[in-house]
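Reproduced below: protein.cif, with mmCIF, C-alpha atoms and all ligand atoms.
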```
data_upload
#
loop_
_atom_site.label_atom_id
_atom_site.label_comp_id
_atom_site.auth_asym_id
_atom_site.auth_seq_id
_atom_site.Cartn_x
_atom_site.Cartn_y
_atom_site.Cartn_z
CA MET A 204 -139.63 134.46 109.40
CA GLU A 205 -138.24 137.45 107.51
CA ASN A 206 -134.60 137.47 106.40
CA PHE A 207 -132.42 139.73 108.47
CA GLU A 208 -128.92 141.00 109.02
CA ILE A 209 -127.72 142.35 112.34
CA ILE A 210 -124.60 144.01 113.64
CA ASN A 211 -124.16 145.67 117.00
CA PRO A 212 -120.57 146.61 117.82
CA VAL A 213 -121.25 148.66 120.97
CA ARG A 214 -119.05 147.74 123.93
CA VAL A 215 -121.38 147.97 126.90
CA VAL A 216 -119.77 148.49 130.30
CA PHE A 217 -122.70 147.74 132.59
CA GLY A 218 -122.70 148.18 136.35
CA LYS A 219 -121.69 150.24 139.33
CA GLU A 220 -118.93 152.84 139.30
CA GLN A 221 -116.62 151.57 136.62
CA TRP A 222 -115.46 155.03 135.57
CA ASN A 223 -111.82 154.14 136.11
CA ARG A 224 -112.09 151.99 132.95
CA LEU A 225 -112.59 155.12 130.85
CA PRO A 226 -108.92 156.15 130.25
CA GLU A 227 -107.90 152.68 129.09
CA ILE A 228 -110.88 152.42 126.72
CA LEU A 229 -110.30 155.92 125.31
CA LYS A 230 -106.59 155.21 124.81
CA ALA A 231 -107.44 152.08 122.87
CA GLN A 232 -109.33 154.42 120.53
CA ASN A 233 -106.26 156.65 120.14
CA ALA A 234 -108.31 159.52 121.50
CA LYS A 235 -106.32 162.66 122.23
CA LYS A 236 -108.69 165.59 122.13
CA VAL A 237 -112.05 164.65 123.59
CA MET A 238 -115.23 166.70 123.44
CA VAL A 239 -117.43 166.05 126.48
CA ALA A 240 -121.00 166.93 125.46
CA TYR A 241 -123.86 167.17 127.95
CA GLY A 242 -127.32 168.61 128.44
CA GLY A 243 -128.87 171.31 130.58
CA GLY A 244 -126.71 170.73 133.64
CA SER A 245 -128.15 167.73 135.51
CA VAL A 246 -124.82 165.90 135.16
CA LYS A 247 -123.10 168.72 137.02
CA LYS A 248 -125.77 168.79 139.73
CA ILE A 249 -125.51 165.04 140.38
CA GLY A 250 -121.69 165.16 140.41
CA LEU A 251 -121.27 162.82 137.46
CA PHE A 252 -119.51 165.43 135.34
CA ASP A 253 -116.80 165.88 137.99
CA THR A 254 -116.45 162.13 138.47
CA VAL A 255 -115.89 161.61 134.77
CA MET A 256 -113.54 164.58 134.43
CA LYS A 257 -111.40 163.30 137.30
CA GLU A 258 -110.82 160.11 135.35
CA ILE A 259 -109.92 161.69 132.02
CA GLN A 260 -108.62 165.23 132.48
CA ASN A 261 -104.99 164.27 133.02
CA ASP A 262 -104.62 161.98 130.03
CA PHE A 263 -106.66 163.81 127.38
CA GLU A 264 -107.25 167.33 126.18
CA ILE A 265 -110.86 168.17 127.01
CA VAL A 266 -113.25 170.38 125.05
CA GLU A 267 -116.44 170.94 127.03
CA PHE A 268 -119.79 171.50 125.31
CA GLY A 269 -122.93 171.85 127.42
CA GLY A 270 -126.49 172.98 126.88
CA ILE A 271 -127.87 170.34 124.52
CA GLU A 272 -131.63 170.54 124.98
CA ALA A 273 -134.12 167.73 125.55
CA ASN A 274 -135.19 166.95 121.97
CA PRO A 275 -131.80 168.19 120.72
CA GLU A 276 -131.95 171.29 118.58
CA TYR A 277 -130.16 171.59 115.26
CA THR A 278 -128.96 175.15 115.93
CA LYS A 279 -127.34 174.21 119.23
CA LEU A 280 -125.77 171.11 117.75
CA MET A 281 -124.28 173.15 114.92
CA GLU A 282 -122.46 175.24 117.57
CA ALA A 283 -120.87 172.02 118.77
CA VAL A 284 -119.98 171.06 115.19
CA GLU A 285 -118.19 174.42 114.70
CA LEU A 286 -116.33 174.05 118.01
CA ALA A 287 -115.31 170.46 117.27
CA ARG A 288 -114.00 171.48 113.85
CA LYS A 289 -112.07 174.43 115.26
CA GLU A 290 -110.54 172.32 118.02
CA SER A 291 -109.92 169.27 115.80
CA VAL A 292 -111.68 167.02 118.27
CA ASP A 293 -110.93 163.34 117.59
CA PHE A 294 -113.38 161.70 120.01
CA ILE A 295 -116.68 162.70 121.61
CA ILE A 296 -118.23 161.54 124.88
CA ALA A 297 -122.00 161.95 125.17
CA LEU A 298 -122.75 162.39 128.85
CA GLY A 299 -126.53 162.28 129.15
CA GLY A 300 -129.77 160.72 128.00
CA GLY A 301 -131.22 160.06 124.57
CA SER A 302 -131.14 163.73 123.63
CA VAL A 303 -127.43 164.21 124.29
CA ILE A 304 -126.54 160.86 122.72
CA ASP A 305 -128.64 161.57 119.63
CA GLY A 306 -127.15 165.06 119.46
CA VAL A 307 -123.64 163.58 119.54
CA LYS A 308 -124.50 161.13 116.75
CA PHE A 309 -125.49 164.10 114.61
CA ILE A 310 -122.41 166.14 115.62
CA SER A 311 -120.10 163.22 114.83
CA GLY A 312 -121.49 162.95 111.30
CA ALA A 313 -121.79 166.68 110.59
CA ILE A 314 -118.17 167.52 111.52
CA GLY A 315 -116.77 166.14 108.27
CA TYR A 316 -119.75 167.01 106.07
CA GLU A 317 -119.11 169.77 103.56
CA GLY A 318 -122.68 170.73 102.70
CA GLU A 319 -125.61 171.87 104.84
CA PRO A 320 -126.14 169.04 107.39
CA TRP A 321 -129.89 169.71 107.60
CA ASP A 322 -130.15 168.38 104.03
CA VAL A 323 -129.09 164.98 105.36
CA LEU A 324 -131.95 165.03 107.86
CA GLU A 325 -134.31 166.11 105.09
CA ARG A 326 -133.03 163.12 103.11
CA LYS A 327 -132.30 165.31 100.08
CA GLU A 328 -131.03 163.24 97.20
CA GLY A 329 -127.32 162.47 97.45
CA CYS A 330 -127.01 164.02 100.93
CA VAL A 331 -125.53 161.52 103.39
CA PHE A 332 -122.97 161.62 106.18
CA GLU A 333 -119.99 159.69 104.86
CA SER A 334 -117.81 159.75 107.94
CA ALA A 335 -118.25 160.10 111.68
CA VAL A 336 -115.92 161.12 114.49
CA PRO A 337 -115.93 158.17 116.92
CA PHE A 338 -117.91 158.64 120.10
CA GLY A 339 -118.86 156.86 123.29
CA THR A 340 -121.71 157.40 125.72
CA ILE A 341 -122.20 157.63 129.45
CA LEU A 342 -125.90 157.02 129.92
CA THR A 343 -127.81 159.00 132.53
CA ILE A 344 -131.39 157.93 131.81
CA PRO A 345 -132.69 154.54 130.69
CA ALA A 346 -135.31 155.13 128.00
CA THR A 347 -134.43 155.43 124.34
CA GLY A 348 -131.84 152.68 123.82
CA SER A 349 -129.78 155.25 121.91
CA GLU A 350 -126.72 154.04 123.83
CA VAL A 351 -126.85 150.71 121.99
CA ASN A 352 -128.20 151.63 118.58
CA SER A 353 -127.25 153.74 115.59
CA GLY A 354 -130.32 155.95 115.27
CA ALA A 355 -130.94 159.55 116.32
CA VAL A 356 -133.77 162.06 116.29
CA ILE A 357 -133.00 165.76 115.80
CA SER A 358 -135.38 168.71 116.20
CA ARG A 359 -135.53 172.08 114.52
CA SER A 360 -138.23 173.95 116.37
CA GLU A 361 -138.15 177.11 114.23
CA ILE A 362 -139.70 175.07 111.42
CA GLY A 363 -141.59 172.62 113.66
CA ALA A 364 -139.53 169.65 112.49
CA LYS A 365 -138.27 166.52 114.20
CA ARG A 366 -136.29 164.19 111.92
CA THR A 367 -134.54 160.85 112.19
CA MET A 368 -131.08 159.86 111.01
CA GLY A 369 -128.77 156.91 111.47
CA GLY A 370 -126.80 154.10 109.93
CA PRO A 371 -123.84 151.89 110.76
CA LEU A 372 -121.49 154.86 111.27
CA PHE A 373 -123.49 155.95 114.30
CA PHE A 374 -123.03 153.12 116.77
CA PRO A 375 -121.26 154.31 119.90
CA VAL A 376 -117.82 152.75 120.38
CA PHE A 377 -118.70 152.17 124.03
CA SER A 378 -121.52 152.85 126.45
CA PHE A 379 -121.17 153.05 130.20
CA CYS A 380 -124.50 151.98 131.66
CA ASP A 381 -124.36 152.57 135.40
CA PRO A 382 -127.74 152.01 137.11
CA THR A 383 -126.76 154.24 140.05
CA VAL A 384 -127.60 157.27 137.83
CA VAL A 385 -131.27 156.29 138.06
CA ALA A 386 -131.35 157.34 141.73
CA THR A 387 -131.32 161.05 140.82
CA LEU A 388 -133.94 160.93 138.09
CA PRO A 389 -137.16 162.88 138.62
CA LYS A 390 -140.39 160.84 138.63
CA ARG A 391 -141.39 162.32 135.30
CA GLN A 392 -138.25 160.99 133.58
CA LEU A 393 -138.54 157.59 135.23
CA ALA A 394 -142.11 157.19 133.99
CA ASN A 395 -141.06 158.44 130.56
CA GLY A 396 -138.25 155.90 130.41
CA ILE A 397 -140.49 152.96 131.24
CA ILE A 398 -143.09 154.00 128.67
CA ASP A 399 -140.60 154.70 125.88
CA ALA A 400 -138.96 151.30 126.34
CA TYR A 401 -142.38 149.61 126.61
CA MET A 402 -143.56 151.19 123.37
CA HIS A 403 -140.31 150.28 121.59
CA VAL A 404 -141.11 146.66 122.34
CA LEU A 405 -144.77 146.94 121.36
CA GLU A 406 -143.94 148.53 118.02
CA GLN A 407 -141.72 145.59 117.16
CA TYR A 408 -144.13 143.04 118.58
CA LEU A 409 -147.77 143.99 117.93
CA THR A 410 -147.64 143.07 114.27
CA VAL A 411 -147.80 139.58 112.80
CA PRO A 412 -148.12 136.50 115.07
CA GLY A 413 -146.13 133.32 114.89
CA GLU A 414 -143.32 134.64 112.67
CA ASN A 415 -140.45 134.46 115.05
CA LEU A 416 -141.17 132.58 118.23
CA LEU A 417 -137.92 133.46 119.98
CA GLN A 418 -138.20 137.20 119.39
CA GLU A 419 -141.83 137.11 120.55
CA ARG A 420 -140.84 135.52 123.84
CA GLN A 421 -137.98 137.99 124.28
CA ALA A 422 -140.34 140.90 123.64
CA GLU A 423 -142.84 139.51 126.16
CA ALA A 424 -140.03 139.07 128.70
CA ILE A 425 -139.04 142.73 128.40
CA LEU A 426 -142.67 143.90 128.68
CA SER A 427 -143.28 141.73 131.75
CA THR A 428 -140.03 142.87 133.35
CA LEU A 429 -140.85 146.54 132.77
CA ILE A 430 -144.18 145.99 134.52
CA GLU A 431 -142.40 144.13 137.31
CA VAL A 432 -139.91 146.97 137.92
CA LYS A 433 -142.38 149.85 137.73
CA GLY A 434 -141.74 150.43 141.46
CA VAL A 435 -138.50 152.09 140.41
CA VAL A 436 -140.56 155.24 139.91
CA ASP A 437 -141.04 155.46 143.68
CA ASN A 438 -137.75 153.78 144.65
CA PRO A 439 -135.15 154.96 142.14
CA ALA A 440 -132.34 154.27 144.60
CA ASP A 441 -133.17 150.55 144.63
CA TYR A 442 -130.17 149.30 142.66
CA ASP A 443 -131.66 146.05 141.42
CA LEU A 444 -134.86 147.71 140.22
CA ALA A 445 -132.77 150.37 138.51
CA ALA A 446 -130.43 147.83 136.92
CA ASN A 447 -133.28 145.75 135.52
CA PHE A 448 -135.00 148.86 134.21
CA MET A 449 -131.79 149.97 132.49
CA LEU A 450 -131.24 146.56 130.97
CA CYS A 451 -134.83 146.44 129.67
CA ALA A 452 -134.54 149.86 128.03
CA SER A 453 -131.31 148.92 126.25
CA HIS A 454 -132.59 145.54 125.13
CA ALA A 455 -135.82 147.06 123.85
CA LEU A 456 -133.97 148.89 121.10
CA ASN A 457 -130.58 147.30 120.54
CA GLY A 458 -131.71 145.73 117.28
CA ASN A 459 -132.36 142.23 118.58
CA LEU A 460 -136.16 142.37 118.75
CA ARG A 461 -136.53 143.38 115.11
CA CYS A 462 -134.67 140.32 113.84
CA GLY A 463 -136.90 138.36 111.51
CA VAL A 464 -140.10 140.18 112.41
CA LYS A 465 -142.30 142.82 110.82
CA THR A 466 -142.37 146.10 112.74
CA ASP A 467 -144.78 149.04 112.84
CA TRP A 468 -143.21 152.33 113.93
CA THR A 469 -146.26 154.46 113.13
CA THR A 470 -146.84 155.44 116.78
CA HIS A 471 -143.34 156.89 116.90
CA MET A 472 -143.77 158.63 113.55
CA ILE A 473 -146.95 160.32 114.73
CA GLY A 474 -145.52 160.92 118.21
CA HIS A 475 -142.59 162.91 116.81
CA GLU A 476 -145.08 165.35 115.31
CA LEU A 477 -146.68 165.91 118.72
CA THR A 478 -143.28 166.78 120.15
CA ALA A 479 -142.44 169.01 117.19
CA LYS A 480 -145.71 170.93 117.49
CA TYR A 481 -146.40 170.99 121.24
CA GLY A 482 -143.07 170.10 122.89
CA ILE A 483 -144.65 167.12 124.67
CA ASP A 484 -142.05 164.68 126.07
CA HIS A 485 -141.30 161.91 123.60
CA ALA A 486 -142.59 159.03 125.77
CA ARG A 487 -145.79 160.90 126.58
CA THR A 488 -146.59 161.28 122.89
CA LEU A 489 -146.37 157.50 122.61
CA ALA A 490 -148.73 157.03 125.56
CA ILE A 491 -151.22 159.26 123.74
CA VAL A 492 -150.95 157.69 120.29
CA GLY A 493 -150.23 154.00 121.03
CA PRO A 494 -153.56 152.90 122.53
CA ARG A 495 -155.56 154.78 119.90
CA LEU A 496 -153.51 153.32 117.07
CA PHE A 497 -154.01 149.79 118.43
CA GLU A 498 -157.76 150.42 118.53
CA ASN A 499 -157.74 151.85 115.01
CA GLN A 500 -155.77 148.86 113.69
CA PHE A 501 -157.63 146.37 115.87
CA ASN A 502 -158.60 143.91 113.14
CA ARG A 503 -155.08 143.69 111.76
CA LYS A 504 -153.42 143.44 115.16
CA LYS A 505 -155.98 141.51 117.16
CA SER A 506 -154.36 138.08 117.20
CA LYS A 507 -151.08 139.56 118.40
CA LEU A 508 -152.94 141.76 120.89
CA ALA A 509 -154.65 138.66 122.24
CA GLN A 510 -151.31 136.87 122.61
CA TYR A 511 -149.94 139.92 124.41
CA GLY A 512 -152.99 140.03 126.69
CA GLU A 513 -152.64 136.36 127.59
CA ARG A 514 -148.89 136.16 128.03
CA VAL A 515 -148.07 139.56 129.51
CA TRP A 516 -151.26 140.50 131.35
CA GLY A 517 -152.41 136.96 132.22
CA LEU A 518 -155.84 137.48 130.64
CA ASN A 519 -158.05 134.56 129.72
CA GLY A 520 -161.11 134.48 127.55
CA GLU A 521 -162.38 134.91 124.04
CA ALA A 522 -159.67 136.34 121.74
CA ASP A 523 -161.47 139.60 120.81
CA TRP A 524 -162.19 140.35 124.47
CA VAL A 525 -158.61 139.61 125.54
CA ALA A 526 -157.25 141.78 122.72
CA ARG A 527 -159.43 144.76 123.69
CA LYS A 528 -158.69 144.27 127.36
CA ALA A 529 -154.95 144.23 126.56
CA ILE A 530 -155.22 147.76 125.11
CA GLU A 531 -157.10 148.87 128.24
CA LYS A 532 -154.45 147.31 130.47
CA THR A 533 -151.70 149.09 128.54
CA GLU A 534 -153.38 152.46 128.95
CA ALA A 535 -154.10 151.77 132.63
CA PHE A 536 -150.39 150.97 133.09
CA PHE A 537 -149.49 154.39 131.65
CA HIS A 538 -152.04 156.03 133.99
CA GLU A 539 -150.55 154.15 136.92
CA LEU A 540 -147.26 155.84 136.01
CA GLU A 541 -149.17 159.14 136.19
CA VAL A 542 -148.91 159.79 132.48
CA ALA A 543 -151.92 161.28 130.71
CA THR A 544 -153.05 159.62 127.49
CA LYS A 545 -155.20 162.36 125.96
CA LEU A 546 -153.76 165.19 123.89
CA SER A 547 -156.31 167.59 125.38
CA GLU A 548 -154.68 167.02 128.77
CA TYR A 549 -151.53 168.67 127.40
CA THR A 550 -152.91 171.38 125.14
CA LYS A 551 -156.20 172.93 124.13
CA GLU A 552 -154.88 174.02 120.72
CA THR A 553 -155.69 170.89 118.81
CA ALA A 554 -157.82 172.31 115.99
CA ASP A 555 -156.69 171.06 112.57
CA PHE A 556 -153.76 169.16 114.06
CA PRO A 557 -154.91 165.75 112.73
CA GLN A 558 -155.32 167.20 109.24
CA TYR A 559 -151.98 169.01 109.50
CA VAL A 560 -150.13 165.77 110.35
CA ALA A 561 -151.93 163.85 107.62
CA LYS A 562 -150.86 166.52 105.12
CA ILE A 563 -147.20 166.49 106.11
CA PHE A 564 -147.12 162.69 106.00
CA GLU A 565 -148.61 162.92 102.51
CA LYS A 566 -145.86 165.33 101.52
CA ARG A 567 -143.21 162.94 102.82
CA ASP A 568 -144.88 160.13 100.95
CA TRP A 569 -145.62 158.29 104.21
CA THR A 570 -148.89 157.06 102.83
CA ALA A 571 -148.67 153.32 103.49
CA MET A 572 -147.36 152.58 106.97
CA GLY A 573 -147.50 149.71 109.44
CA GLU A 574 -146.59 146.04 109.12
CA HIS A 575 -148.92 145.60 106.14
CA GLN A 576 -148.28 149.03 104.62
CA ALA A 577 -151.98 149.55 105.20
CA ILE A 578 -152.06 152.59 107.52
CA THR A 579 -153.05 155.51 105.35
CA THR A 580 -152.87 159.23 106.04
CA LYS A 581 -156.64 159.13 106.51
CA ASP A 582 -156.06 156.56 109.29
CA VAL A 583 -153.45 158.87 110.83
CA GLU A 584 -156.04 161.64 110.87
CA THR A 585 -158.63 159.34 112.48
CA ILE A 586 -156.13 158.11 115.08
CA LEU A 587 -155.20 161.67 116.01
CA GLU A 588 -158.84 162.72 116.26
CA ALA A 589 -159.33 159.88 118.75
CA CYS A 590 -156.22 161.06 120.66
CA ILE A 591 -157.75 164.46 121.42
O1 LIG B 601 -130.59 168.24 130.09
P1 LIG B 601 -130.30 167.72 131.43
O2 LIG B 601 -130.01 168.78 132.42
O3 LIG B 601 -129.25 166.64 131.43
O4 LIG B 601 -131.64 167.04 132.01
C1 LIG B 601 -132.22 165.89 131.42
C2 LIG B 601 -133.46 166.27 130.62
O5 LIG B 601 -134.05 167.42 131.10
C3 LIG B 601 -132.80 165.01 132.52
N1 LIG B 601 -131.86 164.01 133.03
C4 LIG B 601 -131.17 163.08 132.32
N2 LIG B 601 -130.47 162.28 133.14
C5 LIG B 601 -130.69 162.73 134.40
C6 LIG B 601 -131.58 163.83 134.33
N3 LIG B 601 -131.98 164.48 135.43
C7 LIG B 601 -131.53 164.06 136.62
N4 LIG B 601 -130.72 162.98 136.77
C8 LIG B 601 -130.27 162.31 135.69
N5 LIG B 601 -129.49 161.22 135.86
O6 LIG B 601 -133.87 164.32 131.89
C9 LIG B 601 -134.43 165.14 130.87
C10 LIG B 601 -134.72 164.32 129.65
O7 LIG B 601 -133.52 163.89 129.05
P2 LIG B 601 -133.56 163.34 127.55
O8 LIG B 601 -132.17 162.95 127.18
O9 LIG B 601 -134.27 164.28 126.67
O10 LIG B 601 -134.49 162.05 127.70
P3 LIG B 601 -134.58 160.73 126.85
O11 LIG B 601 -133.47 159.82 127.19
O12 LIG B 601 -135.96 160.27 127.05
O13 LIG B 601 -134.36 161.20 125.33
C11 LIG B 601 -135.40 161.69 124.53
C12 LIG B 601 -134.92 161.95 123.12
O14 LIG B 601 -134.48 160.73 122.48
C13 LIG B 601 -135.20 160.55 121.25
C14 LIG B 601 -136.50 161.26 121.52
O15 LIG B 601 -137.20 161.55 120.35
C15 LIG B 601 -136.04 162.51 122.26
O16 LIG B 601 -135.56 163.47 121.36
N6 LIG B 601 -135.28 159.12 120.90
C16 LIG B 601 -134.16 158.52 120.45
C17 LIG B 601 -134.15 157.21 120.04
C18 LIG B 601 -132.92 156.55 119.57
N7 LIG B 601 -131.86 157.28 119.30
O17 LIG B 601 -132.89 155.34 119.40
C19 LIG B 601 -135.36 156.37 120.04
C20 LIG B 601 -136.49 156.96 120.82
O18 LIG B 601 -137.68 156.43 120.31
C21 LIG B 601 -136.55 158.45 120.81
O19 LIG B 601 -137.21 158.93 119.65
ZN ZN B 602 -139.14 156.07 121.61
#
```
Could you render the structure as structure tokens?
Amino acid sequence: MENFEIINPVRVVFGKEQWNRLPEILKAQNAKKVMVAYGGGSVKKIGLFDTVMKEIQNDFEIVEFGGIEANPEYTKLMEAVELARKESVDFIIALGGGSVIDGVKFISGAIGYEGEPWDVLERKEGCVFESAVPFGTILTIPATGSEVNSGAVISRSEIGAKRTMGGPLFFPVFSFCDPTVVATLPKRQLANGIIDAYMHVLEQYLTVPGENLLQERQAEAILSTLIEVKGVVDNPADYDLAANFMLCASHALNGNLRCGVKTDWTTHMIGHELTAKYGIDHARTLAIVGPRLFENQFNRKKSKLAQYGERVWGLNGEADWVARKAIEKTEAFFHELEVATKLSEYTKETADFPQYVAKIFEKRDWTAMGEHQAITTKDVETILEACI
């Protein structure tokens, strides 16, 4: 088992309609001027914005900031940074999904940063966020786990970039996780949420077998539960399905599964490039890349794939067969959720894309990825060719 260190200070308020807890929790933070940040308007349509405002508008000064895009855009977020600075905001509430929450993580760090915040995302030498305005989240879509972790992904479409950031400063102070929000989610977002969470588990699990028995079983439990609750896509108003789905998505990326294990985030790294170039939803990029990466890395991953096939899909047989069948089952699961797994089903403009990604990975020095640092940029090119 690998050595590890873990901290997760997020106060999770899980369950139905607990909004009246908000004022007390905000007061405990000494919040006075609160920015409420949200996305393209779904929170207004579903009435959640009004519900939240009713709870907080009398006790706190409110600065509203809407319009954060899916795959949050740097330019838009910088407008929020300017507004928060001008208004001397001392707390931020992210009311939305992964995009709004990630956007707020960036905003909270950029407010006090004197240089050009993009340099931090570019990881220029010496450029780091040294402070963050405290923030909490009100989750509206189970998927990314951003409500319980300290990572964020920020896009800058004018230069085709999607970059990650994070660190201990960027844990939310609190997260309200109310499964009733699932009832209003479109099918597309429900399927996305299941797949994103599923792939978060696989990328922390399909690596080296037998290292950490407890984390393996926990990963398998989340995978099996996600399969069990897939009916939420057709019955989003079923509270228990929704609650289990929400719990799975949070637990898939709250830091627990990575304890003491080797991880391989290459699918996500490649997937971000598909979103940056083609605007494909994050989860859908994972459904395209994941199965092809598992095939490409079959020899390295086969014993863990076989374990996954046996324990999650109930397959029996010779290890190589079970391992291959497990990849097929995974892809079939994505198809069952009506998610396409070929890049050509999203765009016809794929010429040179594999080479382009390989080149930019080379430039970033991402030349030895995966649990054995054995995935090369040539492999990335081959994987992407198979994705088309
Ligand atoms: O913008 P609005 O109008 O709110 O609509 C959103 C958006 O169009 C809509 N939506 C959200 N809640 C809703 C709803 N519609 C109706 N009812 C509701 N209750 O859903 C759409 C997608 O929202 P978004 O926040 O983009 O989805 P998701 O949570 O999947 O977030 C994706 C982003 O998170 C990043 C991704 O790269 C992507 O940018 N990720 C963040 C991670 C993290 N911080 O740990 C890890 C992930 O791997 C991922 O990379
Ligand atoms: Zn993801």
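In this model, the gap between CA of Ala273 in chain A and atom P2 of ligand LIG 601 (chain B) comes to 4.9 Å.
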Would you tabulate, counting all atoms listed in the file, all residues of range 476-575 of chain A that have an atom at most 12 Å from an atom of range 437-447 of chain A, showing the closest pair of atoms and their distance in Å to one decimal, sorted by chain then ascending number, as a tab-separated table?
```
residue	atom	partner	partner_atom	distance
A:Glu539	CA	A:Asp437	CA	11.7
A:Leu540	CA	A:Asp437	CA	9.9
A:Glu541	CA	A:Asp437	CA	11.7
```
### 10 Å contact set for range 377-385 of chain A, all atoms listed in the file, chain neighbours under 4 positions out, as a PyMOL selection string
chain A and resi 212-222+224-225+228-229+246+249+251+296-298+337-345+349-351+389+392-393+435-436+438-450+453
#### Entry: ligand ZN 602 (chain B) neighbours within 9 Å using only C-alpha atoms and all ligand atoms, as a PyMOL selection string
chain A and resi 346-348+396+398-403+456+471+474+485-486+489
Around all the atoms of ligand LIG 601 (chain B) listed in the file, draw an axis-aligned box and extend it by 6 Å on each of the six sides; I want its centre and edge lengths in Å to one decimal, as AutoDock Vina command-line options.
```
--center_x -133.5 --center_y 162.1 --center_z 128.0 --size_x 20.4 --size_y 25.4 --size_z 29.5
```
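Between Ser302 in chain A and the residues A:Glu285, A:Glu328, A:Glu272, A:Glu317, the shortest atom-to-atom distance, using all atoms listed in the file, involves A:Glu272.
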### Query
So how many Å separate CA of Ile591 in chain A and CA of Ala364 in chain A, to one decimal?
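Going from CA of Ile591 in chain A over to CA of Ala364 in chain A covers 20.9 Å.
For the pair CA of Ile304 in chain A and CA of Val336 in chain A, the interatomic distance is 13.4 Å.
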### Task
Determine the nearest neighbour of ligand LIG 601 (chain B) from the options A:Gly458, A:Lys433, A:Val411, A:Glu267, counting all atoms listed in the file.
A:Gly458
### Task
For Val356 in chain A, please output as a list in words all residues within 8 Å (counting only C-alpha atoms; exclusion window: fewer than 3 positions along the same chain).
Asn274, Pro275, Ser302, Asp305, Gly306, Lys365, Arg366, Thr367 and Met368 of chain A
### Query
Looking at A:Ile271, A:Ala535, A:Ile578, A:Met256, which one is nearest to Gly242 in chain A, with distances taken over all atoms listed in the file?
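Looking at the shortest contact to Gly242 in chain A, the residue is A:Ile271.
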### Task
Return the single residue from A:Val404, A:Ile586, A:Val292, A:Met238 that is closest to ligand LIG 601 (chain B), with distances computed using only C-alpha atoms and all ligand atoms.
A:Val404
### Query
Which protein, DNA or RNA residues have an atom at most 8 Å from (-123.9, 154.3, 113.3), counting all atoms listed in the file? List them as a ChimeraX atom specification.
/A:308,352-354,369-375
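Using all atoms listed in the file, the nearest neighbour of ligand LIG 601 (chain B) within the list A:Ile491, A:Val303, A:Ile530, A:Leu409 is A:Val303.
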### Message
Set the distance at 9 Å and use all atoms listed in the file: which residues neighbour Asp582 in chain A once local chain neighbours fewer than 5 positions away are removed? I'd like the list as a VMD selection string.
### Response
chain A and resid 496 499 to 500 561 587
